[in-house]
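What follows is the content of query.cif (mmCIF, C-alpha atoms and all ligand atoms).
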data_structure
loop_
_atom_site.label_atom_id
_atom_site.label_comp_id
_atom_site.auth_asym_id
_atom_site.auth_seq_id
_atom_site.Cartn_x
_atom_site.Cartn_y
_atom_site.Cartn_z
CA MET A 1 0.00 0.00 0.00
CA ALA A 2 1.24 3.45 -0.88
CA VAL A 3 2.56 5.58 1.96
CA LEU A 4 2.15 9.32 2.29
CA SER A 5 4.96 11.24 4.02
CA ILE A 6 4.25 14.60 5.56
CA VAL A 7 7.10 17.05 6.15
CA LEU A 8 6.54 19.67 8.84
CA PRO A 9 9.26 22.26 9.48
CA ALA A 10 8.91 23.72 12.97
CA TYR A 11 10.70 26.61 14.62
CA ASN A 12 9.75 27.31 18.23
CA GLU A 13 6.44 25.52 17.85
CA GLU A 14 6.27 23.50 21.07
CA GLN A 15 2.57 24.34 21.47
CA ASN A 16 1.70 23.11 18.00
CA ILE A 17 3.44 19.72 17.70
CA ALA A 18 1.13 17.50 19.75
CA ASN A 19 -2.02 19.16 18.41
CA THR A 20 -0.90 19.04 14.77
CA ALA A 21 0.22 15.41 15.11
CA SER A 22 -3.14 14.31 16.48
CA VAL A 23 -5.19 16.37 14.01
CA LEU A 24 -3.25 14.91 11.07
CA ASP A 25 -3.38 11.39 12.51
CA GLN A 26 -7.12 11.64 12.82
CA ALA A 27 -7.67 13.13 9.36
CA LEU A 28 -5.47 10.54 7.64
CA THR A 29 -6.71 7.52 9.56
CA GLU A 30 -10.27 8.55 8.76
CA GLN A 31 -9.39 8.52 5.05
CA GLY A 32 -7.55 5.24 5.35
CA ILE A 33 -4.29 6.80 4.15
CA ASP A 34 -1.11 5.10 5.35
CA TYR A 35 1.28 7.83 6.45
CA GLU A 36 4.45 8.91 8.20
CA MET A 37 5.13 12.35 9.69
CA VAL A 38 8.54 13.99 9.69
CA PHE A 39 8.94 16.97 12.01
CA ILE A 40 12.10 19.03 11.62
CA SER A 41 12.86 21.33 14.51
CA ASP A 42 14.81 24.21 13.01
CA GLY A 43 17.15 24.91 15.92
CA SER A 44 14.23 25.77 18.19
CA ARG A 45 15.00 27.38 21.51
CA ASP A 46 11.90 26.04 23.22
CA GLY A 47 10.80 22.47 23.82
CA THR A 48 9.87 21.72 20.21
CA PHE A 49 12.18 18.74 19.87
CA GLN A 50 11.10 17.27 23.21
CA GLU A 51 7.54 17.52 21.96
CA ILE A 52 8.53 15.75 18.75
CA GLN A 53 10.21 12.98 20.75
CA LYS A 54 7.12 12.62 22.87
CA ALA A 55 4.92 12.38 19.78
CA ALA A 56 7.32 9.84 18.24
CA ALA A 57 7.21 7.72 21.39
CA GLU A 58 3.43 7.65 21.22
CA ASN A 59 3.12 7.04 17.50
CA SER A 60 5.84 5.09 15.68
CA ARG A 61 4.81 6.66 12.38
CA ILE A 62 6.10 10.02 13.63
CA LYS A 63 9.80 10.80 13.45
CA GLY A 64 11.87 13.91 13.58
CA ALA A 65 15.20 15.66 13.79
CA GLU A 66 16.65 18.74 15.41
CA PHE A 67 19.07 21.17 13.72
CA SER A 68 22.18 22.38 15.51
CA ARG A 69 20.95 25.96 15.01
CA ASN A 70 18.30 27.86 13.06
CA PHE A 71 18.95 27.20 9.37
CA GLY A 72 15.66 28.56 8.03
CA LYS A 73 12.49 26.96 6.68
CA GLU A 74 14.05 26.00 3.34
CA ALA A 75 16.68 23.88 5.09
CA GLY A 76 13.95 22.38 7.26
CA ILE A 77 11.94 21.37 4.21
CA PHE A 78 14.93 19.76 2.53
CA ALA A 79 15.99 17.89 5.66
CA GLY A 80 12.42 16.66 5.96
CA LEU A 81 12.38 15.48 2.34
CA GLU A 82 15.64 13.66 2.96
CA LEU A 83 14.13 11.73 5.87
CA THR A 84 10.95 10.67 4.08
CA THR A 85 10.43 7.18 2.75
CA GLY A 86 6.89 7.51 1.38
CA ASP A 87 5.72 7.25 -2.24
CA ALA A 88 4.37 10.79 -2.13
CA VAL A 89 5.38 13.66 0.13
CA ILE A 90 3.32 16.60 1.35
CA VAL A 91 5.11 19.63 2.76
CA MET A 92 3.04 21.80 5.09
CA ASP A 93 3.41 24.28 7.95
CA CYS A 94 3.10 22.81 11.41
CA ASP A 95 0.84 25.63 12.66
CA LEU A 96 -2.11 24.14 10.71
CA GLN A 97 -2.44 27.22 8.50
CA HIS A 98 -2.40 24.73 5.67
CA PRO A 99 -5.70 22.88 6.23
CA PRO A 100 -5.38 19.08 6.60
CA ALA A 101 -8.83 18.85 4.99
CA VAL A 102 -7.15 19.42 1.60
CA ILE A 103 -4.84 16.43 1.95
CA PRO A 104 -7.35 13.79 0.78
CA ARG A 105 -7.92 15.77 -2.45
CA MET A 106 -4.15 16.03 -3.05
CA TRP A 107 -3.78 12.32 -2.39
CA GLU A 108 -6.59 11.53 -4.80
CA LEU A 109 -5.01 13.64 -7.56
CA TRP A 110 -1.71 11.86 -6.95
CA GLN A 111 -3.40 8.49 -7.26
CA GLN A 112 -4.85 9.67 -10.57
CA GLY A 113 -1.33 10.29 -11.82
CA ALA A 114 -0.41 13.83 -10.81
CA GLU A 115 3.27 14.11 -9.88
CA VAL A 116 3.09 17.56 -8.33
CA VAL A 117 0.01 18.99 -6.63
CA GLU A 118 0.37 22.69 -5.89
CA GLY A 119 -1.58 24.23 -3.04
CA ILE A 120 -2.96 27.56 -4.25
CA LYS A 121 -4.14 30.11 -1.70
CA SER A 122 -7.61 31.40 -2.34
CA ASN A 123 -7.08 34.03 0.34
CA ARG A 124 -4.11 35.21 2.35
CA GLY A 125 -5.58 34.52 5.77
CA LYS A 126 -5.71 36.99 8.60
CA GLU A 127 -2.46 38.88 8.69
CA SER A 128 -1.36 42.25 9.97
CA LEU A 129 -1.40 45.12 7.46
CA ALA A 130 2.39 45.48 7.56
CA HIS A 131 2.76 41.77 6.90
CA LYS A 132 0.24 41.92 4.06
CA LEU A 133 2.02 44.85 2.43
CA SER A 134 5.49 43.38 2.71
CA ALA A 135 4.32 39.94 1.62
CA GLY A 136 2.42 41.52 -1.29
CA LEU A 137 5.50 43.44 -2.40
CA PHE A 138 7.60 40.34 -1.92
CA TYR A 139 5.41 38.22 -4.20
CA ARG A 140 5.13 40.91 -6.86
CA ILE A 141 8.90 41.26 -7.05
CA MET A 142 9.37 37.51 -7.03
CA SER A 143 6.78 36.89 -9.75
CA LYS A 144 8.46 39.48 -11.99
CA LEU A 145 11.92 38.13 -11.39
CA ILE A 146 11.29 34.46 -11.90
CA LYS A 147 8.55 34.90 -14.50
CA MET A 148 6.07 32.71 -12.64
CA ASP A 149 2.94 33.77 -10.84
CA MET A 150 3.98 33.32 -7.26
CA ASN A 151 1.22 35.36 -5.73
CA ALA A 152 -1.03 32.51 -4.73
CA SER A 153 1.53 29.74 -4.50
CA SER A 154 2.84 28.42 -1.22
CA ASP A 155 5.05 25.76 0.29
CA PHE A 156 1.97 23.57 0.73
CA LYS A 157 2.30 20.92 -1.96
CA LEU A 158 2.42 17.26 -2.71
CA LEU A 159 5.39 15.81 -4.58
CA ASP A 160 5.77 12.38 -6.06
CA ARG A 161 8.83 10.39 -4.96
CA LYS A 162 10.35 11.01 -8.42
CA VAL A 163 10.14 14.78 -7.94
CA VAL A 164 11.49 14.58 -4.39
CA ASP A 165 14.50 12.65 -5.67
CA VAL A 166 15.07 15.28 -8.37
CA LEU A 167 14.99 18.10 -5.80
CA LEU A 168 17.26 16.23 -3.39
CA ALA A 169 19.80 15.62 -6.15
CA LEU A 170 20.16 19.35 -6.87
CA PRO A 171 23.67 20.44 -5.88
CA GLU A 172 22.77 24.01 -4.93
CA ARG A 173 22.66 25.26 -1.36
CA ASN A 174 20.49 28.33 -1.86
CA THR A 175 17.20 26.72 -2.67
CA PHE A 176 13.75 28.22 -3.15
CA PHE A 177 11.41 25.30 -2.66
CA ARG A 178 8.28 27.09 -3.80
CA ALA A 179 9.69 27.88 -7.23
CA LEU A 180 11.76 24.72 -7.63
CA SER A 181 8.68 22.54 -8.05
CA PHE A 182 7.60 24.80 -10.94
CA TRP A 183 11.07 24.61 -12.36
CA ALA A 184 11.19 20.81 -12.13
CA GLY A 185 8.04 20.50 -14.25
CA PHE A 186 6.26 17.10 -14.18
CA ARG A 187 2.52 16.55 -14.37
CA THR A 188 1.12 19.29 -12.19
CA GLU A 189 -2.34 19.72 -10.72
CA THR A 190 -3.52 22.45 -8.38
CA VAL A 191 -5.74 22.49 -5.34
CA GLN A 192 -7.28 25.64 -3.88
CA TYR A 193 -7.23 26.09 -0.16
CA GLU A 194 -8.09 28.75 2.36
CA VAL A 195 -5.28 29.84 4.63
CA GLN A 196 -6.36 29.12 8.19
CA GLU A 197 -5.51 31.01 11.30
CA ARG A 198 -2.37 29.96 13.10
CA GLN A 199 -3.20 27.56 15.93
CA PHE A 200 -0.75 28.67 18.61
CA GLY A 201 2.17 31.09 18.86
CA GLN A 202 2.93 33.74 16.26
CA SER A 203 4.37 34.13 12.80
CA LYS A 204 8.15 33.83 12.57
CA TRP A 205 8.47 36.36 9.75
CA SER A 206 9.32 40.00 10.30
CA PHE A 207 9.35 42.65 7.58
CA TRP A 208 13.14 42.47 7.35
CA SER A 209 13.39 38.71 7.33
CA LEU A 210 10.87 38.70 4.47
CA MET A 211 12.90 41.30 2.55
CA LYS A 212 16.10 39.33 3.09
CA TYR A 213 14.28 36.22 1.91
CA ALA A 214 13.08 38.09 -1.19
CA ILE A 215 16.55 39.30 -2.13
CA SER A 216 18.18 35.98 -1.46
CA ASN A 217 15.55 34.14 -3.51
CA ALA A 218 15.65 36.67 -6.33
CA THR A 219 19.40 36.25 -6.68
CA SER A 220 19.31 32.50 -6.30
CA PHE A 221 16.59 32.04 -8.88
CA SER A 222 17.13 34.74 -11.48
CA THR A 223 19.92 36.66 -13.18
CA LEU A 224 17.58 39.51 -14.08
CA PRO A 225 19.12 41.92 -11.53
CA LEU A 226 22.43 41.45 -13.35
CA GLN A 227 20.81 42.33 -16.66
CA MET A 228 19.41 45.43 -14.99
CA VAL A 229 23.00 46.55 -14.48
CA THR A 230 23.49 46.43 -18.24
CA VAL A 231 20.29 48.40 -18.76
CA MET A 232 21.50 51.07 -16.34
CA GLY A 233 24.78 51.20 -18.28
CA VAL A 234 22.96 51.71 -21.58
CA ILE A 235 20.82 54.46 -20.06
CA SER A 236 23.84 56.35 -18.77
CA ILE A 237 25.62 55.99 -22.12
CA LEU A 238 22.63 57.50 -23.96
CA PHE A 239 22.47 60.25 -21.40
CA SER A 240 26.18 60.99 -21.72
CA VAL A 241 26.01 61.17 -25.54
CA ILE A 242 23.31 63.84 -25.30
CA LEU A 243 25.25 65.78 -22.69
CA ALA A 244 28.51 65.43 -24.62
CA ILE A 245 26.93 66.93 -27.71
CA GLN A 246 25.44 69.78 -25.69
CA THR A 247 28.76 70.44 -23.96
CA LEU A 248 30.67 70.48 -27.27
CA VAL A 249 28.17 72.84 -28.85
CA LYS A 250 28.47 75.17 -25.88
CA PHE A 251 32.24 74.98 -26.03
CA LEU A 252 32.34 75.78 -29.75
CA THR A 253 29.95 78.72 -29.38
CA GLY A 254 32.09 80.05 -26.53
CA THR A 255 29.50 79.80 -23.71
CA ALA A 256 30.95 76.86 -21.76
CA VAL A 257 31.61 78.39 -18.34
CA GLU A 258 28.58 77.70 -16.11
CA GLY A 259 28.58 73.91 -16.18
CA PHE A 260 29.16 73.31 -12.48
CA THR A 261 25.65 72.05 -11.67
CA THR A 262 25.85 69.58 -14.53
CA VAL A 263 29.17 68.27 -13.25
CA ILE A 264 27.85 67.69 -9.73
CA LEU A 265 24.68 66.02 -11.02
CA LEU A 266 26.66 63.78 -13.35
CA ILE A 267 29.01 62.67 -10.61
CA LEU A 268 26.07 61.89 -8.32
CA ILE A 269 24.10 59.98 -10.94
CA ILE A 270 27.04 57.97 -12.22
CA GLY A 271 28.25 57.33 -8.67
CA GLY A 272 24.80 56.07 -7.71
CA PHE A 273 24.55 53.76 -10.71
CA LEU A 274 28.03 52.39 -10.05
CA MET A 275 27.38 51.68 -6.39
CA LEU A 276 24.07 50.01 -7.13
CA SER A 277 25.63 47.87 -9.85
CA LEU A 278 28.47 46.86 -7.56
CA GLY A 279 25.95 45.96 -4.90
CA ILE A 280 23.98 43.74 -7.27
CA ILE A 281 27.13 42.06 -8.56
CA GLY A 282 28.27 41.71 -4.96
CA HIS A 283 25.12 39.76 -4.13
CA TYR A 284 25.83 37.27 -6.86
CA ILE A 285 29.46 36.95 -5.82
CA ALA A 286 28.27 36.26 -2.28
CA ARG A 287 25.96 33.56 -3.65
CA ILE A 288 28.78 32.04 -5.70
CA TYR A 289 31.06 32.17 -2.66
CA GLU A 290 28.50 30.36 -0.52
CA GLU A 291 27.93 27.71 -3.16
CA VAL A 292 31.65 27.21 -3.75
CA LYS A 293 32.32 26.64 -0.06
CA GLY A 294 30.06 23.64 -0.42
CA ARG A 295 28.87 23.61 3.15
CA PRO A 296 25.81 21.50 3.91
CA LYS A 297 22.36 23.15 3.91
CA TYR A 298 21.86 22.18 7.53
CA ILE A 299 23.42 20.27 10.39
CA ILE A 300 21.35 17.75 12.30
CA SER A 301 22.22 17.49 15.97
CA ARG A 302 19.66 14.97 17.17
CA VAL A 303 17.10 12.59 15.74
CA THR A 304 14.28 10.60 17.24
CA GLY A 305 15.06 6.94 17.97
CA ASN A 306 13.30 5.65 14.86
CA VAL A 307 15.55 7.47 12.35
CA HIS A 308 18.41 5.40 11.00
CA GLY A 309 21.24 5.71 8.53
CA ASP A 310 23.06 8.71 7.09
CA VAL A 311 21.19 11.94 7.01
CA ALA A 312 22.04 14.08 4.02
CA GLY A 313 25.75 13.38 4.33
CA ALA A 314 25.82 16.40 6.62
CA TRP A 315 25.85 14.28 9.68
CA LYS A 316 26.50 10.64 10.34
CA ARG A 317 24.85 8.60 12.98
CA ARG A 318 27.49 6.97 15.16
CA PRO A 319 27.44 3.20 15.01
CA SER A 320 25.78 2.09 18.20
CA ARG A 321 28.06 0.28 20.60
N1 LIG B 401 9.72 27.94 10.20
C1 LIG B 401 10.92 27.25 10.22
N2 LIG B 401 12.10 27.97 10.35
C2 LIG B 401 12.11 29.33 10.45
C3 LIG B 401 10.87 30.01 10.39
C4 LIG B 401 9.70 29.29 10.24
O1 LIG B 401 10.96 26.03 10.15
O2 LIG B 401 13.19 29.89 10.57
C5 LIG B 401 8.44 27.17 10.06
C6 LIG B 401 7.40 27.48 11.12
O3 LIG B 401 7.59 26.71 12.29
C7 LIG B 401 6.11 27.13 10.41
C8 LIG B 401 6.42 27.47 8.95
O4 LIG B 401 7.84 27.51 8.85
O5 LIG B 401 5.80 25.75 10.50
C9 LIG B 401 5.79 28.78 8.54
O6 LIG B 401 6.20 29.80 9.43
P1 LIG B 401 5.22 30.89 9.99
O7 LIG B 401 3.91 30.27 10.38
O8 LIG B 401 5.95 31.64 11.05
O9 LIG B 401 5.03 31.83 8.72
P2 LIG B 401 3.67 32.42 8.12
O10 LIG B 401 2.66 31.30 8.16
O11 LIG B 401 3.29 33.53 9.01
O12 LIG B 401 4.03 32.84 6.74
MG MG B 402 2.11 30.19 9.69
#
Could you render the structure as structure tokens?
Amino acid sequence: MAVLSIVLPAYNEEQNIANTASVLDQALTEQGIDYEMVFISDGSRDGTFQEIQKAAAENSRIKGAEFSRNFGKEAGIFAGLELTTGDAVIVMDCDLQHPPAVIPRMWELWQQGAEVVEGIKSNRGKESLAHKLSAGLFYRIMSKLIKMDMNASSDFKLLDRKVVDVLLALPERNTFFRALSFWAGFRTETVQYEVQERQFGQSKWSFWSLMKYAISNATSFSTLPLQMVTVMGVISILFSVILAIQTLVKFLTGTAVEGFTTVILLILIIGGFLMLSLGIIGHYIARIYEEVKGRPKYIISRVTGNVHGDVAGAWKRRPSR
């Protein structure tokens, strides 16, 4: 019988683990879906991992791991994928904002041959205005940069084992899970869902962390910012041709003295363009530097008793004595 794996990244979610585990268990058992749950505690500073261990002790189909520090949700998702053994994998938030009620539909589509089932938000849930604005800006920029409509997409999706293996084989460290499933292709279906309210605790995203996420994803998924540097260069060349002609004409007609304002403006504009370009190039160099170092995406410090074998090559389980 086919097994469904569920990956749940969790950062400081001690209040959510037990509740989410039992809600999912109930929903899946009701549907007669054979499952496993993989909780990844992303270097939580509260009792998240203890909660995971407790859940694993109660239900052998639950397993989990703890990171040595906070590596971010992307790393959590990939570590989770690495630990799964099921024929299909669903990634979802562990605060139940992604409704478990949608899982049976995703499962059904998978059984009918879909290899990727994207969860599409039909609303954005209840969020603060600041969060809405920054998230809105974030998705607009992202959609432009990677030429895919990211506005309604989310990390809530089902992937066939084939697709999971493709994603896990990618050598890059700076991943953007949400867009990578688009990039990978495969037979894709979509499922609409309504974003629920967070069960316990609060959102882990601040305005700045979202902006940092946007920039890092934009540079890891698109080279458009680099092409913008070229565009800025072309604009300043056009501008300088016009000014050069004007300056020469003035010089030849003998009225070339009061050009001081122009000089200051030119220095400012060109200086600004140069700095901005260097900054953009710098971002890519930083990305290249990080990739070249070849460090693992995450480090696992602990796992629940029912996890065996190598985990992602980043960490090896000691042979038990
Ligand atoms: N999360 C994570 N690492 C982080 C931040 C968040 O694993 O550094 C997890 C978090 O525990 C949750 C999911 O990612 O399961 C979504 O986070 P959150 O609910 O804070 O974001 P929002 O739903 O507000 O976008
Ligand atoms: Mg949430």
### Query
Which neighbours of Glu66 of chain A fall inside 12 Å, counting only C-alpha atoms, when residues of the same chain fewer than 4 positions from it are skipped, and could you give them as a ChimeraX atom specification?
/A:9-12,38-53,70-71,75-76,79-80,298-304,307,311,315
### Message
Just want the residues within 10 Å of ligand LIG 401 (chain B), written as a PyMOL selection string, counting all atoms listed in the file.
### Response
chain A and resi 7-14+16-17+39-44+48+69-77+91-98+124-128+131+135+154-155+195-206+209-210
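The closest residue to Val3 of chain A, picked from A:Ile90, A:Leu252, A:Ala65, A:Ala218 and counting all atoms listed in the file, is A:Ile90.
Of note, atom CA of Gln26 of chain A and atom CA of Asp165 of chain A are spaced 28.5 Å apart.
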#### Entry: Interatomic distance, atom CA of Leu274 of chain A to atom CA of Thr230 of chain A (Å, one decimal)
11.1 Å
With N, CA and C atoms as the target, complete segment 163-194 of chain A and hand it back as a PDB file, in the coordinates of the input.
ATOM      1  N   VAL A 163       9.853  13.344  -8.016  1.00  0.00           N
ATOM      2  CA  VAL A 163      10.140  14.780  -7.940  1.00  0.00           C
ATOM      3  C   VAL A 163      11.014  15.074  -6.715  1.00  0.00           C
ATOM      4  N   VAL A 164      10.694  14.393  -5.609  1.00  0.00           N
ATOM      5  CA  VAL A 164      11.490  14.580  -4.390  1.00  0.00           C
ATOM      6  C   VAL A 164      12.938  14.208  -4.679  1.00  0.00           C
ATOM      7  N   ASP A 165      13.130  13.083  -5.367  1.00  0.00           N
ATOM      8  CA  ASP A 165      14.500  12.650  -5.670  1.00  0.00           C
ATOM      9  C   ASP A 165      15.213  13.659  -6.569  1.00  0.00           C
ATOM     10  N   VAL A 166      14.472  14.248  -7.507  1.00  0.00           N
ATOM     11  CA  VAL A 166      15.070  15.280  -8.370  1.00  0.00           C
ATOM     12  C   VAL A 166      15.526  16.463  -7.520  1.00  0.00           C
ATOM     13  N   LEU A 167      14.654  16.923  -6.617  1.00  0.00           N
ATOM     14  CA  LEU A 167      14.990  18.100  -5.800  1.00  0.00           C
ATOM     15  C   LEU A 167      16.160  17.796  -4.872  1.00  0.00           C
ATOM     16  N   LEU A 168      16.184  16.569  -4.329  1.00  0.00           N
ATOM     17  CA  LEU A 168      17.260  16.230  -3.390  1.00  0.00           C
ATOM     18  C   LEU A 168      18.598  16.086  -4.106  1.00  0.00           C
ATOM     19  N   ALA A 169      18.545  15.796  -5.412  1.00  0.00           N
ATOM     20  CA  ALA A 169      19.800  15.620  -6.150  1.00  0.00           C
ATOM     21  C   ALA A 169      20.381  16.958  -6.599  1.00  0.00           C
ATOM     22  N   LEU A 170      19.638  18.041  -6.449  1.00  0.00           N
ATOM     23  CA  LEU A 170      20.160  19.350  -6.870  1.00  0.00           C
ATOM     24  C   LEU A 170      21.377  19.717  -6.016  1.00  0.00           C
ATOM     25  N   PRO A 171      22.453  20.163  -6.645  1.00  0.00           N
ATOM     26  CA  PRO A 171      23.670  20.440  -5.880  1.00  0.00           C
ATOM     27  C   PRO A 171      23.646  21.774  -5.140  1.00  0.00           C
ATOM     28  N   GLU A 172      22.703  22.656  -5.485  1.00  0.00           N
ATOM     29  CA  GLU A 172      22.770  24.010  -4.930  1.00  0.00           C
ATOM     30  C   GLU A 172      22.394  24.071  -3.456  1.00  0.00           C
ATOM     31  N   ARG A 173      22.944  25.059  -2.779  1.00  0.00           N
ATOM     32  CA  ARG A 173      22.660  25.260  -1.360  1.00  0.00           C
ATOM     33  C   ARG A 173      21.553  26.284  -1.143  1.00  0.00           C
ATOM     34  N   ASN A 174      21.534  27.307  -1.988  1.00  0.00           N
ATOM     35  CA  ASN A 174      20.490  28.330  -1.860  1.00  0.00           C
ATOM     36  C   ASN A 174      19.271  27.907  -2.633  1.00  0.00           C
ATOM     37  N   THR A 175      18.352  27.242  -1.953  1.00  0.00           N
ATOM     38  CA  THR A 175      17.200  26.720  -2.670  1.00  0.00           C
ATOM     39  C   THR A 175      15.991  27.618  -2.435  1.00  0.00           C
ATOM     40  N   PHE A 176      15.018  27.525  -3.321  1.00  0.00           N
ATOM     41  CA  PHE A 176      13.750  28.220  -3.150  1.00  0.00           C
ATOM     42  C   PHE A 176      12.684  27.203  -3.496  1.00  0.00           C
ATOM     43  N   PHE A 177      12.277  26.466  -2.482  1.00  0.00           N
ATOM     44  CA  PHE A 177      11.410  25.300  -2.660  1.00  0.00           C
ATOM     45  C   PHE A 177      10.172  25.604  -3.491  1.00  0.00           C
ATOM     46  N   ARG A 178       9.540  26.726  -3.169  1.00  0.00           N
ATOM     47  CA  ARG A 178       8.280  27.090  -3.800  1.00  0.00           C
ATOM     48  C   ARG A 178       8.390  27.152  -5.320  1.00  0.00           C
ATOM     49  N   ALA A 179       9.515  27.715  -5.790  1.00  0.00           N
ATOM     50  CA  ALA A 179       9.690  27.880  -7.230  1.00  0.00           C
ATOM     51  C   ALA A 179      10.325  26.646  -7.863  1.00  0.00           C
ATOM     52  N   LEU A 180      11.066  25.870  -7.065  1.00  0.00           N
ATOM     53  CA  LEU A 180      11.760  24.720  -7.630  1.00  0.00           C
ATOM     54  C   LEU A 180      10.796  23.665  -8.164  1.00  0.00           C
ATOM     55  N   SER A 181       9.624  23.547  -7.545  1.00  0.00           N
ATOM     56  CA  SER A 181       8.680  22.540  -8.050  1.00  0.00           C
ATOM     57  C   SER A 181       8.109  22.972  -9.399  1.00  0.00           C
ATOM     58  N   PHE A 182       7.988  24.301  -9.622  1.00  0.00           N
ATOM     59  CA  PHE A 182       7.600  24.800 -10.940  1.00  0.00           C
ATOM     60  C   PHE A 182       8.699  24.473 -11.939  1.00  0.00           C
ATOM     61  N   TRP A 183       9.921  24.785 -11.488  1.00  0.00           N
ATOM     62  CA  TRP A 183      11.070  24.610 -12.360  1.00  0.00           C
ATOM     63  C   TRP A 183      11.226  23.152 -12.786  1.00  0.00           C
ATOM     64  N   ALA A 184      10.994  22.225 -11.842  1.00  0.00           N
ATOM     65  CA  ALA A 184      11.190  20.810 -12.130  1.00  0.00           C
ATOM     66  C   ALA A 184      10.203  20.299 -13.175  1.00  0.00           C
ATOM     67  N   GLY A 185       9.032  20.938 -13.262  1.00  0.00           N
ATOM     68  CA  GLY A 185       8.040  20.500 -14.250  1.00  0.00           C
ATOM     69  C   GLY A 185       7.195  19.356 -13.730  1.00  0.00           C
ATOM     70  N   PHE A 186       7.087  18.285 -14.488  1.00  0.00           N
ATOM     71  CA  PHE A 186       6.260  17.100 -14.180  1.00  0.00           C
ATOM     72  C   PHE A 186       4.771  17.419 -14.307  1.00  0.00           C
ATOM     73  N   ARG A 187       3.971  16.375 -14.231  1.00  0.00           N
ATOM     74  CA  ARG A 187       2.520  16.550 -14.370  1.00  0.00           C
ATOM     75  C   ARG A 187       1.962  17.252 -13.141  1.00  0.00           C
ATOM     76  N   THR A 188       1.512  18.471 -13.334  1.00  0.00           N
ATOM     77  CA  THR A 188       1.120  19.290 -12.190  1.00  0.00           C
ATOM     78  C   THR A 188      -0.385  19.539 -12.141  1.00  0.00           C
ATOM     79  N   GLU A 189      -0.945  19.357 -10.963  1.00  0.00           N
ATOM     80  CA  GLU A 189      -2.340  19.720 -10.720  1.00  0.00           C
ATOM     81  C   GLU A 189      -2.345  20.757  -9.603  1.00  0.00           C
ATOM     82  N   THR A 190      -3.454  21.486  -9.469  1.00  0.00           N
ATOM     83  CA  THR A 190      -3.520  22.450  -8.380  1.00  0.00           C
ATOM     84  C   THR A 190      -4.741  22.181  -7.509  1.00  0.00           C
ATOM     85  N   VAL A 191      -4.634  22.606  -6.277  1.00  0.00           N
ATOM     86  CA  VAL A 191      -5.740  22.490  -5.340  1.00  0.00           C
ATOM     87  C   VAL A 191      -5.867  23.827  -4.620  1.00  0.00           C
ATOM     88  N   GLN A 192      -7.073  24.375  -4.600  1.00  0.00           N
ATOM     89  CA  GLN A 192      -7.280  25.640  -3.880  1.00  0.00           C
ATOM     90  C   GLN A 192      -7.460  25.361  -2.403  1.00  0.00           C
ATOM     91  N   TYR A 193      -6.939  26.227  -1.579  1.00  0.00           N
ATOM     92  CA  TYR A 193      -7.230  26.090  -0.160  1.00  0.00           C
ATOM     93  C   TYR A 193      -7.290  27.444   0.504  1.00  0.00           C
ATOM     94  N   GLU A 194      -7.997  27.499   1.620  1.00  0.00           N
ATOM     95  CA  GLU A 194      -8.090  28.750   2.360  1.00  0.00           C
ATOM     96  C   GLU A 194      -7.081  28.738   3.489  1.00  0.00           C
TER      97      GLU A 194
END
